[in-house]
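Student: This is the structure I have questions about; it appears just below.
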Protein chains: 4
Amino acid sequence: MRPGNNGLFIPGPTNLPHPLRFAMDLPLEDQRAPDFPNLTLGLFEDLKRIFKLDGGRVFIYPGSGTGGWEAAITNTLSPGDTVLASVFGQFSLLWVDLCQRHHLNVEAIDVDWGEGVPVEQYAERLAADKEHKIKAVLVCQNETATGVTSDVAPVRKALDDAGHPALLMVDGVSSIASIDFRMSEWGVDLAVSGSQKGFMLPTGLAIVAASEKALEATKTAKCPRCFFDFDDMIRTNKDGFFPYTPATTLLRGLRASVDLLFAEGLDNVFARHHRLAEGVRKAIDAWGLTLCAKEPKWYSDTVSAICVPEGFDGNEVVKVAYARFNLSLGVGLNKVAGRVFRIGHLGWLNELMLLQAIVGAEMAMRDIGMPIDIGSGVGAASEYYRLTAAPVAIEAATALRM
Amino acid sequence: MRPGNNGLFIPGPTNLPHPLRFAMDLPLEDQRAPDFPNLTLGLFEDLKRIFKLDGGRVFIYPGSGTGGWEAAITNTLSPGDTVLASVFGQFSLLWVDLCQRHHLNVEAIDVDWGEGVPVEQYAERLAADKEHKIKAVLVCQNETATGVTSDVAPVRKALDDAGHPALLMVDGVSSIASIDFRMSEWGVDLAVSGSQKGFMLPTGLAIVAASEKALEATKTAKCPRCFFDFDDMIRTNKDGFFPYTPATTLLRGLRASVDLLFAEGLDNVFARHHRLAEGVRKAIDAWGLTLCAKEPKWYSDTVSAICVPEGFDGNEVVKVAYARFNLSLGVGLNKVAGRVFRIGHLGWLNELMLLQAIVGAEMAMRDIGMPIDIGSGVGAASEYYRLTAAPVAIEAATALRM
Amino acid sequence: MRPGNNGLFIPGPTNLPHPLRFAMDLPLEDQRAPDFPNLTLGLFEDLKRIFKLDGGRVFIYPGSGTGGWEAAITNTLSPGDTVLASVFGQFSLLWVDLCQRHHLNVEAIDVDWGEGVPVEQYAERLAADKEHKIKAVLVCQNETATGVTSDVAPVRKALDDAGHPALLMVDGVSSIASIDFRMSEWGVDLAVSGSQKGFMLPTGLAIVAASEKALEATKTAKCPRCFFDFDDMIRTNKDGFFPYTPATTLLRGLRASVDLLFAEGLDNVFARHHRLAEGVRKAIDAWGLTLCAKEPKWYSDTVSAICVPEGFDGNEVVKVAYARFNLSLGVGLNKVAGRVFRIGHLGWLNELMLLQAIVGAEMAMRDIGMPIDIGSGVGAASEYYRLTAAPVAIEAATALRM
Amino acid sequence: MRPGNNGLFIPGPTNLPHPLRFAMDLPLEDQRAPDFPNLTLGLFEDLKRIFKLDGGRVFIYPGSGTGGWEAAITNTLSPGDTVLASVFGQFSLLWVDLCQRHHLNVEAIDVDWGEGVPVEQYAERLAADKEHKIKAVLVCQNETATGVTSDVAPVRKALDDAGHPALLMVDGVSSIASIDFRMSEWGVDLAVSGSQKGFMLPTGLAIVAASEKALEATKTAKCPRCFFDFDDMIRTNKDGFFPYTPATTLLRGLRASVDLLFAEGLDNVFARHHRLAEGVRKAIDAWGLTLCAKEPKWYSDTVSAICVPEGFDGNEVVKVAYARFNLSLGVGLNKVAGRVFRIGHLGWLNELMLLQAIVGAEMAMRDIGMPIDIGSGVGAASEYYRLTAAPVAIEAATALRM
């Protein structure tokens, strides 16, 4: 065991807030107890507030984001259905793969890794699909592999402009509860998240939100399903129970997570993530490096994929950071393997915690010989954080009794 | 909040042992860290020792027992395949339902609830199936709803006697790690368990063991699957990683669980469960009541479903126990709803813990007017426990410095 | 490690409630942080409500009850001062010993172990002490060694009747927050408690309440003191801080403890302890045994010392309970060593938890050959608990959705 | 609640290592259980290894460092005894104050704050004290208020050179288990520590080590004592028990702490503290600031008191750090109030954790207008840490499977 804590700055799981840890450190409980619905019924409602969903339902499965994708697909589509998607990173790629394994016919548009959802091409395809063969349109709101955030609203507009009835499905695994997501306003029909990102919990829950239209689609969907079946959930969830033993520990944690998000205020949560991400970007500038995300409109507020120059290996940065400085960063995946390393900056974080990742990345990059000036990135980021810290706090501090 | 602890005596989740609680109360960790396989590779191997499996593999999914059933089925069978099963309780029933939803053709033999696997009928069907249409035979080793344990070995014998190649699948959710299970000796091809029973953890993991024959069957199995796909797991598990973010917290807990089971010794664990169950049965005799399980050969060592006399409602026993005495018992499900109540007696338990459930059940039964003698059951059970406590401990106690 | 939990039924430490455990399972904190007084200032006030103290102060030391005694004595008395006390158990004895070591002149009245404070003799001595040589009168409200509770109010009356100005000091270590204590109403000047009894926390805090009169006495008190000095505490406590590093973890726990006590309501807490204790006494009757406490007026609601018949050894009951049944009971101390064993029944307890101790004691007594009828005590206690459980709860239970 | 963790860099309490947190997060236990000595007897022995004490004894009290001072003094000295001491910071001052309150005659040498023990003056006084009126010599090994470490060995030499029999007492509260301490080699008779510094635990234990000579001195020592009495401890500790309820939770934590220290190796622990402290000193140089400690020989490896230039207030640095950046630093105390701020760098720390304090201090100093170059200190420290990180780890990292 190495002395001191590991610095965890991967794009999920995130740092576990103390109140969430306590909320889960409970004796196990009877998921059929008559007062169990006191926990669950309010939680279902409050999750809808997190997704900004009116009507519809939120489903909670023991699982992960991948399970959430599967739930979204199998409950609303049938084998042979056409799905419009785009691939610009490892996770948008895997979702397409999952669709194909469930015998969907995926029209997957290949996009450069570092870019986001190709709205124009979506619009063209949708407009051209007069027969409405396309049953669902897939959007990865935040591609975790490249640190690219795509705007969902324009996809809704493309659907509306084409008068197209396809379901709009969004992978919000690494965005929801960290980056603004407006399910009903954007007309999203299915949104997938997990417990281990913006909800700041251990991995173990797939959280899937469905619009009324999505729920309607379950009636004709023919993909076989049982574990992830919406109907079994609806039948039991309405009374606060589950069709099989739920992960009660994580449900208690999720209750505390939602409470914590509301206590900070969702808008404050989003603003905090943006400010923290901006500091990372200041550091990247100061290092003379660039993001994998090609344009500022795509910069992600939850994860930054940082390109390493020719002749260097991003994996080495990650290795050195872990081995020498007990710092966990993210490697590049698939097409960008070796070309980037990633800093996750979501969840329970403040400036000083994140500066650990920045100074540690700086040390690791110098260690493998990259031409990084000592203190450049951590200096730039810390000065940005200093200048943008809430000014009111200074006065409050002076008033504090020491 | 009611003063004092809830007495948790449902057939899972069980009481959480302190060492397992600590093992999970960790900062979150990087599931791609280079030393992460130090945790996982040994765990896969040690789980095989729990299942008594030579060769083959154990898979760990974020999920539950239901997910484990789905994994077993979808990885090894194809739509339209015939499956031989039997229904004698809510869980054997639900497994059949799951198979049907995945478009399998289930020959489900109806058996009286309170009996177990109809080995003779299985043997007949298998012998008659000369074309080997039956691709899998399902056995629920421990029917949690009725407290019935079935012997798996005779089913293997029936298969062998018929020279039948069908896969043998066992639901061991509420038996494995509490009641002896010998996967390779009994020629079991797929065995399903979960984290919240004999493994004494929170709900959240499906644990599925597969024989070499089962792994071979994946090559031709056509049921669509992705989240539960064996191949993705094998490809990544071999290096100690997972195809998507695993529930690392529960993996740490599972490591501690396996350590705890080995420290006690599996045979001692089974013997402890048997002795604890015998005490419950002494109480039931003393109360003048009977088990739902019709014959001693079917008595379960992990859960007892206790029949209430005509004119009484088992649900009332459970309600009163919870509302008045903060004791969680299990209700009767489906066909035996109201006719039984259940005491779960598996996991991290000793005599005095279980005597809480016995005396509490006694109080609840008296409270709804059942003709139960004061102290009868708890007296009989406690005397049985006293007489069967390890005699060596007395001497050790005398030697202890007070 | 033995499977299952230890049953902890000694008269302190008690079972740790989950909310208190969480409250203490925190990162360590800066005891000079400007917002630290947010914790402490309210806690000092709320502790006064627990002691039912108007005016005066409550002091919190890292320490134990013994330290609390020392704080009470050294802050208010001078070497050579006369103190009136009585000895009827190990703890009243040790307090006298502590006074003597601090060079006080103790008039210690010897009383049979099993009886309580000799109010008449106190009254006589006080009336006779025309010169007011007696500077303090000591009362052990609950003698933990014998399970004897003494009424404090009559001692106040004796002082008042004699017009005597001596300080009234009460050892409430095993009573306060479990048995009613009314500091101001009874004119108590110094009351001593600890964290590990009615406050349901780990050992580690001495909690001392002082009346205004006691605070006045510090000005002339000459006993040397520093660690336990009231003045240092007052000077820093008034702003929410401490003269040396406080045990912040236990302070957080104490905050949660006080919240828990208020949430249940002090009167409900006392009533619960009385009812639980009554059940133990029903069991003792049914066993044909007697309490060490000689009269009902002395029966303690927090601990019962149970006499074993001639020819048996109470220590053996305790040894066997621990060695064979993982049950911690209390041994007899000093004069009653071997003649009694003790069941602690205070803190975070409900009926079913305590029935573990009762049935376990029954098993242990049978095990050493005592003529105890099987199920007699646990039957009598459980029936008493059943009959006295809140009737309203039954209806509520019926209304609960199952 | 502010999002993200507080950065705790005061000179105790320190960051709580996870293994120590788990070790204490236990059900409470019976301190008279026959197997309780399994915990305690080994712990007493192993603590001697931490103090590097042959013979003698280590005592563990519920308390704090102040209580430890009181225990050391009252057990070995008598009112009126002369004690030789020196004052060069708040804690050496308070120890003298404590001695005076216990009616000792203290010869306290005033030394500039920023210097350490005046060995030459000690030598002179001892040589001059032909009648051996001086009964004890006090050394504060690490003055926490000024970040000054004094060498203990020369004081021993002064005593030996003078052939003086006085007891040598060392305050090692903020040094022991972090900075080398060699009790027997240096002829120290009493050494005082606490749980919340090098032992990395919550506050709540006073830990006092006594040589055989010190134990001998108890026989004639007349200071009144009871709670802190050595003899009561010796009589019960020898069998593994305590004279009153011990803080079992902290004892479990202390067991884990000692295990953790041994696992790292004491020499490695000291080297880690030195390297971490060196990094802080590199930052201070880069900021153009100086330490309160006037000479390198006095630089403390557990705490740095950093002088702020004329016109600035060290308290403001601490206030701003806490209010704006959620960073806890230490204020200056007494004579150096406002003139310094302090960074505690002891306990469970690694480079990246400590860099939080460095970059946060930098931000706070800039915030109050101090002329500090952006990134200067954190850059210098991080580069020092990078260059001094164990080179072997790089290769190991490359060998790690990613």
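Letters A, B, ... mark the chains of the structure tokens in the order given; residue numbers begin at 1 per chain; ligand numbers begin at 1, in order shown.
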So which residues touch range 377-385 of chain D within 9 Å, counting only C-alpha atoms, skipping near sequence neighbours fewer than 4 positions away, as a PyMOL selection string?
Tutor: (chain A and resi 359-360+362-363+366+373-376+378-379) or (chain D and resi 275-276+278-287+351-352+355-356+358-359+362+372-373+389)
Student: Excluding same-chain residues fewer than 6 positions from range 54-63 of chain C, what lies within 7 Å of it counting only C-alpha atoms, as a count of residues only?
Tutor: 19
Student: Quick one: residues within 12 Å of range 254-262 of chain C, only C-alpha atoms counted, chain neighbours fewer than 6 positions away excluded, as a ChimeraX atom specification?
Tutor: /B:1-4 /C:16-25,38-51,60,176-178,194-207,247-248,268-270,272,347-348
Student: Per DSSP on the backbone, filter range 140-261 of chain B down to the residues in strand (DSSP E or B) and report them as number ranges by chain.
Tutor: B: 140, 142-143, 148-149, 167-171, 176, 179, 190-194, 205-210
Student: For those residues, write all heavy atoms to a file as a compact mmCIF listing (two decimals), in the first residue's frame.
Tutor:
```txt
# COMPACT_ATOMS: atom_id res chain seq x y z
N CYS B 140 -33.70 -25.65 -10.24
CA CYS B 140 -33.63 -24.63 -9.19
C CYS B 140 -33.18 -25.33 -7.92
O CYS B 140 -33.97 -26.05 -7.30
CB CYS B 140 -35.01 -23.99 -9.02
SG CYS B 140 -35.05 -22.73 -7.75
N ASN B 142 -32.36 -24.33 -4.96
CA ASN B 142 -33.06 -23.93 -3.74
C ASN B 142 -34.17 -22.95 -4.12
O ASN B 142 -33.88 -21.81 -4.50
CB ASN B 142 -32.09 -23.27 -2.76
CG ASN B 142 -32.69 -23.06 -1.39
OD1 ASN B 142 -32.98 -24.02 -0.68
ND2 ASN B 142 -32.93 -21.81 -1.02
N GLU B 143 -35.38 -23.43 -4.05
CA GLU B 143 -36.53 -22.57 -4.36
C GLU B 143 -36.78 -21.69 -3.14
O GLU B 143 -37.24 -22.15 -2.09
CB GLU B 143 -37.76 -23.43 -4.69
CG GLU B 143 -39.06 -22.67 -4.83
CD GLU B 143 -39.04 -21.54 -5.85
OE1 GLU B 143 -38.88 -21.79 -7.04
OE2 GLU B 143 -39.14 -20.36 -5.42
N VAL B 148 -37.42 -25.03 -0.47
CA VAL B 148 -37.24 -26.41 -0.95
C VAL B 148 -35.89 -26.52 -1.65
O VAL B 148 -35.60 -25.78 -2.58
CB VAL B 148 -38.37 -26.78 -1.93
CG1 VAL B 148 -37.98 -27.99 -2.77
CG2 VAL B 148 -39.65 -27.05 -1.16
N THR B 149 -35.09 -27.46 -1.17
CA THR B 149 -33.81 -27.73 -1.81
C THR B 149 -33.90 -29.04 -2.58
O THR B 149 -34.37 -30.05 -2.04
CB THR B 149 -32.70 -27.84 -0.75
OG1 THR B 149 -32.64 -26.61 -0.03
CG2 THR B 149 -31.35 -28.09 -1.39
N LEU B 167 -27.51 -29.16 -21.97
CA LEU B 167 -26.79 -28.43 -20.93
C LEU B 167 -27.59 -28.53 -19.62
O LEU B 167 -28.82 -28.47 -19.65
CB LEU B 167 -26.65 -26.95 -21.32
CG LEU B 167 -25.79 -26.67 -22.55
CD1 LEU B 167 -26.00 -25.21 -23.01
CD2 LEU B 167 -24.31 -26.93 -22.26
N LEU B 168 -26.87 -28.66 -18.52
CA LEU B 168 -27.52 -28.67 -17.21
C LEU B 168 -27.30 -27.30 -16.56
O LEU B 168 -26.16 -26.90 -16.32
CB LEU B 168 -26.94 -29.78 -16.33
CG LEU B 168 -27.48 -29.88 -14.90
CD1 LEU B 168 -29.00 -29.97 -14.84
CD2 LEU B 168 -26.85 -31.08 -14.18
N MET B 169 -28.41 -26.60 -16.33
CA MET B 169 -28.33 -25.24 -15.77
C MET B 169 -28.96 -25.23 -14.38
O MET B 169 -30.07 -25.74 -14.20
CB MET B 169 -29.09 -24.26 -16.65
CG MET B 169 -28.56 -24.17 -18.07
SD MET B 169 -29.32 -22.77 -18.94
CE MET B 169 -28.63 -23.01 -20.59
N VAL B 170 -28.25 -24.61 -13.44
CA VAL B 170 -28.74 -24.59 -12.07
C VAL B 170 -28.88 -23.16 -11.56
O VAL B 170 -27.95 -22.36 -11.67
CB VAL B 170 -27.80 -25.38 -11.13
CG1 VAL B 170 -28.24 -25.25 -9.67
CG2 VAL B 170 -27.79 -26.86 -11.54
N ASP B 171 -30.04 -22.87 -11.00
CA ASP B 171 -30.24 -21.62 -10.26
C ASP B 171 -29.78 -21.88 -8.83
O ASP B 171 -30.44 -22.60 -8.08
CB ASP B 171 -31.73 -21.25 -10.29
CG ASP B 171 -32.06 -20.09 -9.34
OD1 ASP B 171 -31.17 -19.67 -8.57
OD2 ASP B 171 -33.21 -19.64 -9.37
N ILE B 176 -25.83 -21.33 -3.34
CA ILE B 176 -24.37 -21.36 -3.49
C ILE B 176 -23.69 -20.52 -2.42
O ILE B 176 -24.10 -19.41 -2.14
CB ILE B 176 -23.98 -20.93 -4.93
CG1 ILE B 176 -24.37 -22.06 -5.90
CG2 ILE B 176 -22.49 -20.64 -5.02
CD1 ILE B 176 -24.28 -21.71 -7.36
N ILE B 179 -25.13 -23.72 0.85
CA ILE B 179 -25.45 -25.15 0.76
C ILE B 179 -24.47 -25.73 -0.25
O ILE B 179 -24.12 -25.07 -1.23
CB ILE B 179 -26.91 -25.33 0.26
CG1 ILE B 179 -27.91 -24.77 1.29
CG2 ILE B 179 -27.20 -26.78 -0.07
CD1 ILE B 179 -29.36 -24.74 0.80
N LEU B 190 -24.05 -24.59 -16.32
CA LEU B 190 -24.22 -23.17 -16.01
C LEU B 190 -24.85 -23.05 -14.62
O LEU B 190 -25.84 -23.72 -14.33
CB LEU B 190 -25.13 -22.49 -17.04
CG LEU B 190 -24.41 -22.29 -18.39
CD1 LEU B 190 -25.35 -22.54 -19.53
CD2 LEU B 190 -23.80 -20.90 -18.47
N ALA B 191 -24.25 -22.24 -13.81
CA ALA B 191 -24.77 -22.02 -12.46
C ALA B 191 -24.86 -20.54 -12.22
O ALA B 191 -23.94 -19.79 -12.55
CB ALA B 191 -23.86 -22.68 -11.42
N VAL B 192 -25.96 -20.13 -11.65
CA VAL B 192 -26.24 -18.70 -11.47
C VAL B 192 -26.34 -18.38 -9.99
O VAL B 192 -27.03 -19.07 -9.24
CB VAL B 192 -27.57 -18.34 -12.16
CG1 VAL B 192 -27.95 -16.89 -11.87
CG2 VAL B 192 -27.48 -18.59 -13.66
N SER B 193 -25.64 -17.33 -9.59
CA SER B 193 -25.80 -16.84 -8.23
C SER B 193 -25.78 -15.31 -8.23
O SER B 193 -25.69 -14.68 -9.28
CB SER B 193 -24.70 -17.40 -7.32
OG SER B 193 -25.06 -17.14 -5.97
N GLY B 194 -25.94 -14.76 -7.06
CA GLY B 194 -25.94 -13.31 -6.92
C GLY B 194 -25.13 -12.93 -5.70
O GLY B 194 -24.71 -13.78 -4.92
N LEU B 205 -24.56 -7.79 -8.01
CA LEU B 205 -23.75 -8.62 -8.91
C LEU B 205 -24.54 -9.87 -9.30
O LEU B 205 -25.15 -10.52 -8.44
CB LEU B 205 -22.45 -9.07 -8.23
CG LEU B 205 -21.43 -8.01 -7.85
CD1 LEU B 205 -20.22 -8.67 -7.18
CD2 LEU B 205 -20.98 -7.20 -9.07
N ALA B 206 -24.49 -10.20 -10.59
CA ALA B 206 -24.87 -11.53 -11.05
C ALA B 206 -23.57 -12.29 -11.22
O ALA B 206 -22.63 -11.78 -11.83
CB ALA B 206 -25.62 -11.45 -12.37
N ILE B 207 -23.52 -13.48 -10.66
CA ILE B 207 -22.32 -14.31 -10.74
C ILE B 207 -22.71 -15.60 -11.47
O ILE B 207 -23.60 -16.31 -11.01
CB ILE B 207 -21.77 -14.61 -9.33
CG1 ILE B 207 -21.55 -13.29 -8.57
CG2 ILE B 207 -20.47 -15.42 -9.42
CD1 ILE B 207 -21.25 -13.48 -7.09
N VAL B 208 -22.07 -15.83 -12.60
CA VAL B 208 -22.46 -16.96 -13.45
C VAL B 208 -21.24 -17.82 -13.73
O VAL B 208 -20.22 -17.31 -14.20
CB VAL B 208 -23.06 -16.45 -14.79
CG1 VAL B 208 -23.45 -17.62 -15.67
CG2 VAL B 208 -24.24 -15.54 -14.54
N ALA B 209 -21.36 -19.10 -13.43
CA ALA B 209 -20.26 -20.02 -13.72
C ALA B 209 -20.63 -20.87 -14.93
O ALA B 209 -21.78 -21.31 -15.06
CB ALA B 209 -19.99 -20.90 -12.51
N ALA B 210 -19.65 -21.08 -15.79
CA ALA B 210 -19.89 -21.83 -17.03
C ALA B 210 -18.84 -22.91 -17.20
O ALA B 210 -17.64 -22.64 -17.02
CB ALA B 210 -19.87 -20.88 -18.23
```
Student: With only C-alpha atoms as the atoms that count, which of D:Arg342, D:Asn5, D:Ala123, D:Leu159 lies nearest to chain A?
Tutor: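 Nearest to chain A: D:Asn5.
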Student: Here is a test: counting only C-alpha atoms, which residue of D:Asn15, D:Thr249, D:Gln31, D:Thr74 is nearest to Ala214 in chain D?
Tutor: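 With only C-alpha atoms as the atom set, the closest residue is D:Thr74.
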Student: If we count only C-alpha atoms and set the cut-off at 8 Å, which residues sit around range 292-308 of chain B, ignoring sequence neighbours fewer than 6 positions away in its own chain? Please answer as a tab-separated table (two decimals) with N, CA and C atoms, in the first residue's frame.
Tutor:
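Result went into selection.tsv, see below:
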```tsv
chain	number	residue	atom	x	y	z
B	11	PRO	N	-34.89	-14.03	3.04
B	11	PRO	CA	-33.91	-14.89	2.35
B	11	PRO	C	-33.09	-14.10	1.35
B	113	TRP	N	-46.26	-26.93	-5.08
B	113	TRP	CA	-45.35	-26.04	-4.36
B	113	TRP	C	-45.11	-26.66	-2.97
B	114	GLY	N	-43.88	-26.93	-2.69
B	114	GLY	CA	-43.54	-27.65	-1.47
B	114	GLY	C	-42.76	-28.91	-1.80
B	115	GLU	N	-42.78	-29.25	-3.08
B	115	GLU	CA	-41.93	-30.34	-3.57
B	115	GLU	C	-40.81	-29.74	-4.40
B	116	GLY	N	-39.91	-30.62	-4.87
B	116	GLY	CA	-38.76	-30.13	-5.60
B	116	GLY	C	-38.70	-30.65	-7.02
B	142	ASN	N	-32.36	-24.33	-4.96
B	142	ASN	CA	-33.06	-23.93	-3.74
B	142	ASN	C	-34.17	-22.95	-4.12
B	144	THR	N	-36.44	-20.42	-3.30
B	144	THR	CA	-36.49	-19.48	-2.19
B	144	THR	C	-37.92	-19.23	-1.69
B	145	ALA	N	-38.89	-19.43	-2.58
B	145	ALA	CA	-40.27	-19.11	-2.20
B	145	ALA	C	-40.88	-20.14	-1.27
B	146	THR	N	-40.41	-21.37	-1.38
B	146	THR	CA	-41.02	-22.44	-0.59
B	146	THR	C	-40.04	-23.09	0.38
B	147	GLY	N	-38.78	-22.70	0.30
B	147	GLY	CA	-37.78	-23.32	1.17
B	147	GLY	C	-37.55	-24.78	0.82
B	148	VAL	N	-37.42	-25.03	-0.47
B	148	VAL	CA	-37.24	-26.41	-0.95
B	148	VAL	C	-35.89	-26.52	-1.65
B	149	THR	N	-35.09	-27.46	-1.17
B	149	THR	CA	-33.81	-27.73	-1.81
B	149	THR	C	-33.90	-29.04	-2.58
B	150	SER	N	-33.48	-29.00	-3.82
B	150	SER	CA	-33.49	-30.22	-4.64
B	150	SER	C	-32.08	-30.73	-4.84
B	174	SER	N	-29.91	-18.79	-4.12
B	174	SER	CA	-30.03	-18.79	-2.65
B	174	SER	C	-29.43	-20.05	-2.04
B	175	SER	N	-28.56	-20.71	-2.78
B	175	SER	CA	-27.90	-21.89	-2.19
B	175	SER	C	-26.37	-21.78	-2.23
B	178	SER	N	-23.80	-21.36	0.61
B	178	SER	CA	-24.49	-21.65	1.87
B	178	SER	C	-24.82	-23.13	1.99
B	179	ILE	N	-25.13	-23.72	0.85
B	179	ILE	CA	-25.45	-25.15	0.76
B	179	ILE	C	-24.47	-25.73	-0.25
B	273	HIS	N	-24.89	-23.48	8.47
B	273	HIS	CA	-26.23	-23.23	7.93
B	273	HIS	C	-27.18	-24.37	8.29
B	274	HIS	N	-26.68	-25.58	8.22
B	274	HIS	CA	-27.55	-26.71	8.55
B	274	HIS	C	-27.98	-26.67	10.01
B	276	LEU	N	-28.08	-24.09	12.04
B	276	LEU	CA	-29.00	-22.96	12.28
B	276	LEU	C	-30.40	-23.31	11.78
B	277	ALA	N	-30.48	-23.93	10.60
B	277	ALA	CA	-31.78	-24.30	10.03
B	277	ALA	C	-32.47	-25.34	10.90
B	278	GLU	N	-31.70	-26.29	11.41
B	278	GLU	CA	-32.28	-27.31	12.29
B	278	GLU	C	-32.94	-26.67	13.51
B	280	VAL	N	-34.32	-23.75	13.67
B	280	VAL	CA	-35.60	-23.18	13.22
B	280	VAL	C	-36.64	-24.29	13.12
B	284	ILE	N	-40.32	-24.78	14.86
B	284	ILE	CA	-41.56	-25.01	14.11
B	284	ILE	C	-42.30	-26.23	14.68
B	314	GLY	N	-50.52	-15.52	6.71
B	314	GLY	CA	-49.08	-15.39	6.88
B	314	GLY	C	-48.60	-13.96	6.69
B	332	GLY	N	-45.23	-14.92	1.90
B	332	GLY	CA	-45.46	-15.94	0.88
B	332	GLY	C	-45.71	-15.27	-0.46
B	339	ARG	N	-50.42	-18.08	2.87
B	339	ARG	CA	-50.41	-19.43	3.46
B	339	ARG	C	-49.11	-19.71	4.22
B	340	VAL	N	-48.08	-18.98	3.90
B	340	VAL	CA	-46.81	-19.18	4.60
B	340	VAL	C	-46.21	-17.82	4.98
B	341	PHE	N	-45.29	-17.86	5.92
B	341	PHE	CA	-44.35	-16.76	6.06
B	341	PHE	C	-42.97	-17.39	6.09
B	342	ARG	N	-41.97	-16.59	5.82
B	342	ARG	CA	-40.64	-17.19	5.67
B	342	ARG	C	-39.60	-16.56	6.60
B	343	ILE	N	-38.73	-17.40	7.10
B	343	ILE	CA	-37.55	-16.94	7.85
B	343	ILE	C	-36.33	-17.25	6.99
B	344	GLY	N	-35.60	-16.22	6.62
B	344	GLY	CA	-34.34	-16.45	5.92
B	344	GLY	C	-33.25	-16.70	6.95
B	345	HIS	N	-32.46	-17.73	6.76
B	345	HIS	CA	-31.40	-18.02	7.73
B	345	HIS	C	-30.12	-18.39	7.00
B	346	LEU	N	-29.66	-17.39	6.25
B	346	LEU	CA	-28.42	-17.63	5.52
B	346	LEU	C	-27.51	-16.43	5.67
```
Student: Near Pro154 in chain C, within 12 Å and counting only C-alpha atoms, which residues show up once chain neighbours fewer than 4 positions away are dropped, as a list in words?
Tutor: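 Once the adjacent positions are removed, what remains is Val117, Pro118, Val119, Glu120, Gln121, Tyr122, Ala123, Val139, Gln141, Ser150, Ala158, Leu159, Asp160, Asp161, Leu168, Glu185, Trp186, Gly187 and Val188 of chain C.
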Student: Could you go through range 37-207 of chain C and tell me which residues DSSP, when run on the backbone, assigns to alpha helix (DSSP H), listing them as an MDAnalysis selection string?
Tutor: chainID C and resid 37:51 65:76 90:101 119:128 153:162
Student: Work out how far apart CA of His132 in chain C and CA of Lys219 in chain C are and give it in Å to one decimal.
Tutor: 18.4 Å
Student: Rank D:Asp30, D:Glu264, D:Asp229, D:Asp35 by their smallest atom-to-atom distance to chain B, using only C-alpha atoms, and report the top residue only.
Tutor: D:Asp35
Student: Kindly give the distance, in Å, that separates CA of Phe228 in chain C and CA of Ser92 in chain D, rounded to a single decimal.
Tutor: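 Result for CA of Phe228 in chain C versus CA of Ser92 in chain D: 19.0 Å, one decimal.
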Student: Taking only C-alpha atoms into account, which of B:Leu28, B:Ala323, B:Leu104, B:Ala33 comes nearest chain D?
Tutor: B:Ala33
Student: With distances taken over only C-alpha atoms, which residue among C:Gly7, C:Gly12, C:Pro243, C:Pro27 lies nearest chain A?
Tutor: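 The answer is C:Pro27, which sits nearest to chain A.
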Student: For Tyr322 in chain D, work out the shell of residues within 9 Å, counting only C-alpha atoms and skipping chain neighbours fewer than 2 positions away, then give it as a ChimeraX atom specification.
Tutor: /A:397 /C:33-34 /D:6-7,317-320,324-329,364
Student: Take CA of Pro165 in chain B and CA of His103 in chain A and report the distance between them in Å, one decimal.
Tutor: 29.1 Å
Student: Please provide as a PyMOL selection string all residues within 8 Å of Leu77 in chain B, with the sequence filter that same-chain residues fewer than 4 positions apart are discarded (counting only C-alpha atoms).
Tutor: chain B and resi 73+81+135+217-218+220-223
